[in-house]
Structures are given as C-alpha cells and as structure tokens.
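Take a look at the structure below.
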Amino acid sequence: MRTLIVYHSSHHGNTKKLLDAIAAQHDVTLLPVGEAQGVDLSSYEGIGLASGIYYGSLSKAVLQWAAQAPLQGKKLFFLYTCGMDRKKYIQEAEKIAKERGAQVLGHFGCRGYDTFGPFKLVGGIAKGRPNQADMDQAVAFYRELCQK
C-alpha cells in the first residue's frame, strides 16, 4: 500500500520516533503537516494521520488538514503518543474521516514522554517512552494494515 503519513511531532519528538521506525522498514512518505497543504494524494492508497495528543485530541493542525484533504475512498489510519492513555483520543479524527468518505483501518497509540504543564514540575511522566517495544509495536501495526 503506497502510504503518506501527515504528522505533527513537537516537544520531545515522540510521535516522530514511531514514524521513523516504520519508515526504516516500510516504503512510506513522511510529511510534516506544515508542508502538506496542497499535496497531491492521488498516488497514495493509504493516509496516516499522526501526532502527539494535545488537550485530548490529535494536533489541531493535523485535524484541520484532514478536514480539507480529498480523502474520499482513501484508507486512513491514526498514530499517536500521549502522556496518559485515558481517553479515546481519535474520536474527532474518526468523525472527520467519516465525513470525508475515508475508510478507517485502525489506530495505534502508546505513551510518550510528557512534560506539559504540571508534569514539568515532577520531571515529566512516561520517561523513556516511546521505547523500543513501542516502536516495534507501531511497525507491526503498520505491517498488519498493509495486509488489509
């Protein structure tokens, strides 16, 4: 499956670590969301949306890109990293995908080092994450998607 992954990974680069692990083993195109405006999606069968979790959701920039992108008939999936995995973080992204006529294949999320807000006072949470096991799981997730 020819795949483009549009992502936003700031702070500690947690999400980019997962994407780099996938790209090391699979032929995927990684594109920061700031460079994704107007990109031609016609040659991509699969589209990934990836980011850290900000205020309970994927990055607003990634969601805004998805809300405007021609996703009709595309196979869509989501990847994210978060300090604490307590909610269904991709709910808004799934809604956009449905509205845009995309087929959602699945999502992968794992913990990532987080020093936002009060977590900074204690040196952060989820230190050392994503780790090698998380990256291996992200690669396995993508490998399974390619079989769908």
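Scheme for the structure tokens: letters A, B, ... for chains in order shown; per-chain residue numbers from 1; ligand numbers from 1 in order shown.
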
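The protein and nucleic acid residues lying at most 7 Å from segment 53-64 of chain A are A:Tyr7, A:His8, A:Val33, A:Leu49, A:Gln68, A:Tyr80, A:Thr81, A:Cys82, A:Tyr89, A:Ile90, A:Ala93, with only C-alpha atoms considered and sequence neighbours fewer than 4 positions away removed.
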
Shell around Cys146 of chain A at 12 Å using only C-alpha atoms, local window under 4 positions removed, as number ranges by chain: A: 1-3, 22, 26-28, 45-48, 75-77, 105-106, 139-142

Top pick for closest residue to Leu79 of chain A, considering A:Ala24, A:Leu30, A:Ala50, A:Leu145 and counting only C-alpha atoms: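 Ranked by minimum distance to Leu79 of chain A, first place goes to A:Ala50.
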
Length of the atom CA of Ala66 of chain A to atom CA of Lys88 of chain A vector [Å]: 18.1 Å

Pick from A:Glu99, A:Lys148, A:Val39, A:Met135 nearest to Lys17 of chain A, counting only C-alpha atoms: A:Met135

Pick from A:Ser42, A:Asn14, A:Gln25, A:Ser51 nearest to Asp136 of chain A, counting only C-alpha atoms: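 Selected residue with least distance to Asp136 of chain A: A:Gln25.
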
Strand (DSSP E) per DSSP on the backbone: members of segment 18-52 of chain A, as a PyMOL selection string: chain A and resi 28-32+46-52

How about saving the chosen residues, all heavy atoms kept, as an mmCIF file, in the first residue's frame?
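Result written to selection.cif:
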```cif
data_model
loop_
_atom_site.group_PDB
_atom_site.id
_atom_site.type_symbol
_atom_site.label_atom_id
_atom_site.label_comp_id
_atom_site.auth_asym_id
_atom_site.auth_seq_id
_atom_site.Cartn_x
_atom_site.Cartn_y
_atom_site.Cartn_z
ATOM 1 N N VAL A 28 7.272 4.351 3.129
ATOM 2 C CA VAL A 28 6.230 5.328 3.414
ATOM 3 C C VAL A 28 6.805 6.727 3.222
ATOM 4 O O VAL A 28 8.017 6.929 3.347
ATOM 5 C CB VAL A 28 5.660 5.199 4.854
ATOM 6 C CG1 VAL A 28 5.014 3.841 5.079
ATOM 7 C CG2 VAL A 28 6.727 5.445 5.899
ATOM 8 N N THR A 29 5.940 7.664 2.915
ATOM 9 C CA THR A 29 6.343 9.061 2.805
ATOM 10 C C THR A 29 5.891 9.775 4.067
ATOM 11 O O THR A 29 4.698 9.752 4.397
ATOM 12 C CB THR A 29 5.691 9.721 1.568
ATOM 13 O OG1 THR A 29 6.095 8.996 0.403
ATOM 14 C CG2 THR A 29 6.099 11.175 1.449
ATOM 15 N N LEU A 30 6.820 10.385 4.780
ATOM 16 C CA LEU A 30 6.513 11.150 5.985
ATOM 17 C C LEU A 30 6.519 12.621 5.626
ATOM 18 O O LEU A 30 7.481 13.115 5.039
ATOM 19 C CB LEU A 30 7.549 10.880 7.081
ATOM 20 C CG LEU A 30 7.760 9.428 7.500
ATOM 21 C CD1 LEU A 30 8.838 9.346 8.570
ATOM 22 C CD2 LEU A 30 6.462 8.803 7.991
ATOM 23 N N LEU A 31 5.457 13.326 5.990
ATOM 24 C CA LEU A 31 5.343 14.736 5.636
ATOM 25 C C LEU A 31 4.825 15.536 6.828
ATOM 26 O O LEU A 31 3.708 15.303 7.292
ATOM 27 C CB LEU A 31 4.384 14.883 4.445
ATOM 28 C CG LEU A 31 4.309 16.245 3.776
ATOM 29 C CD1 LEU A 31 5.655 16.642 3.182
ATOM 30 C CD2 LEU A 31 3.257 16.212 2.679
ATOM 31 N N PRO A 32 5.636 16.483 7.333
ATOM 32 C CA PRO A 32 5.138 17.343 8.414
ATOM 33 C C PRO A 32 3.896 18.090 7.937
ATOM 34 O O PRO A 32 3.817 18.520 6.780
ATOM 35 C CB PRO A 32 6.288 18.312 8.675
ATOM 36 C CG PRO A 32 7.489 17.656 8.085
ATOM 37 C CD PRO A 32 7.000 16.830 6.934
ATOM 38 N N GLY A 46 -3.069 4.722 1.004
ATOM 39 C CA GLY A 46 -3.208 4.865 2.445
ATOM 40 C C GLY A 46 -2.726 6.221 2.920
ATOM 41 O O GLY A 46 -1.739 6.756 2.419
ATOM 42 N N ILE A 47 -3.440 6.762 3.904
ATOM 43 C CA ILE A 47 -3.076 8.042 4.511
ATOM 44 C C ILE A 47 -3.054 7.840 6.025
ATOM 45 O O ILE A 47 -4.034 7.379 6.617
ATOM 46 C CB ILE A 47 -4.097 9.159 4.183
ATOM 47 C CG1 ILE A 47 -4.314 9.303 2.678
ATOM 48 C CG2 ILE A 47 -3.670 10.476 4.833
ATOM 49 C CD1 ILE A 47 -3.135 9.828 1.906
ATOM 50 N N GLY A 48 -1.932 8.194 6.631
ATOM 51 C CA GLY A 48 -1.826 8.148 8.080
ATOM 52 C C GLY A 48 -1.857 9.552 8.647
ATOM 53 O O GLY A 48 -1.302 10.481 8.053
ATOM 54 N N LEU A 49 -2.531 9.720 9.751
ATOM 55 C CA LEU A 49 -2.530 10.979 10.499
ATOM 56 C C LEU A 49 -1.872 10.673 11.836
ATOM 57 O O LEU A 49 -2.303 9.755 12.541
ATOM 58 C CB LEU A 49 -3.951 11.500 10.712
ATOM 59 C CG LEU A 49 -4.784 11.757 9.467
ATOM 60 C CD1 LEU A 49 -6.181 12.227 9.862
ATOM 61 C CD2 LEU A 49 -4.117 12.776 8.556
ATOM 62 N N ALA A 50 -0.841 11.421 12.172
ATOM 63 C CA ALA A 50 -0.073 11.112 13.374
ATOM 64 C C ALA A 50 0.290 12.375 14.134
ATOM 65 O O ALA A 50 0.647 13.384 13.526
ATOM 66 C CB ALA A 50 1.200 10.357 12.989
ATOM 67 N N SER A 51 0.192 12.294 15.448
ATOM 68 C CA SER A 51 0.634 13.408 16.286
ATOM 69 C C SER A 51 0.651 12.982 17.740
ATOM 70 O O SER A 51 0.165 11.908 18.099
ATOM 71 C CB SER A 51 -0.280 14.628 16.112
ATOM 72 O OG SER A 51 -1.432 14.562 16.902
ATOM 73 N N GLY A 52 1.197 13.860 18.547
ATOM 74 C CA GLY A 52 1.023 13.720 19.977
ATOM 75 C C GLY A 52 -0.401 14.114 20.310
ATOM 76 O O GLY A 52 -1.154 14.572 19.440
#
```

Residue among A:Met84, A:Phe78, A:Asp134, A:Ala21 lying closest to Phe108 of chain A, counting only C-alpha atoms: A:Phe78

Residues flagged alpha helix (DSSP H) by DSSP in chain A, as a VMD selection string: chain A and resid 14 to 25 60 to 68 91 to 99 132 to 146

Distance of atom CA of Ala102 of chain A from atom CA of Gly73 of chain A, expressed in Å to one decimal place: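 Answer for the atom CA of Gly73 of chain A to atom CA of Ala102 of chain A separation: 5.1 Å.
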
Straight-line distance linking atom CA of Cys110 of chain A with atom CA of Asp20 of chain A, stated in Å to one decimal: 15.0 Å

Near-Arg100 of chain A list (7 Å; only C-alpha atoms; drop same-chain fewer than 4 positions) as a ChimeraX atom specification: /A:71-72,96
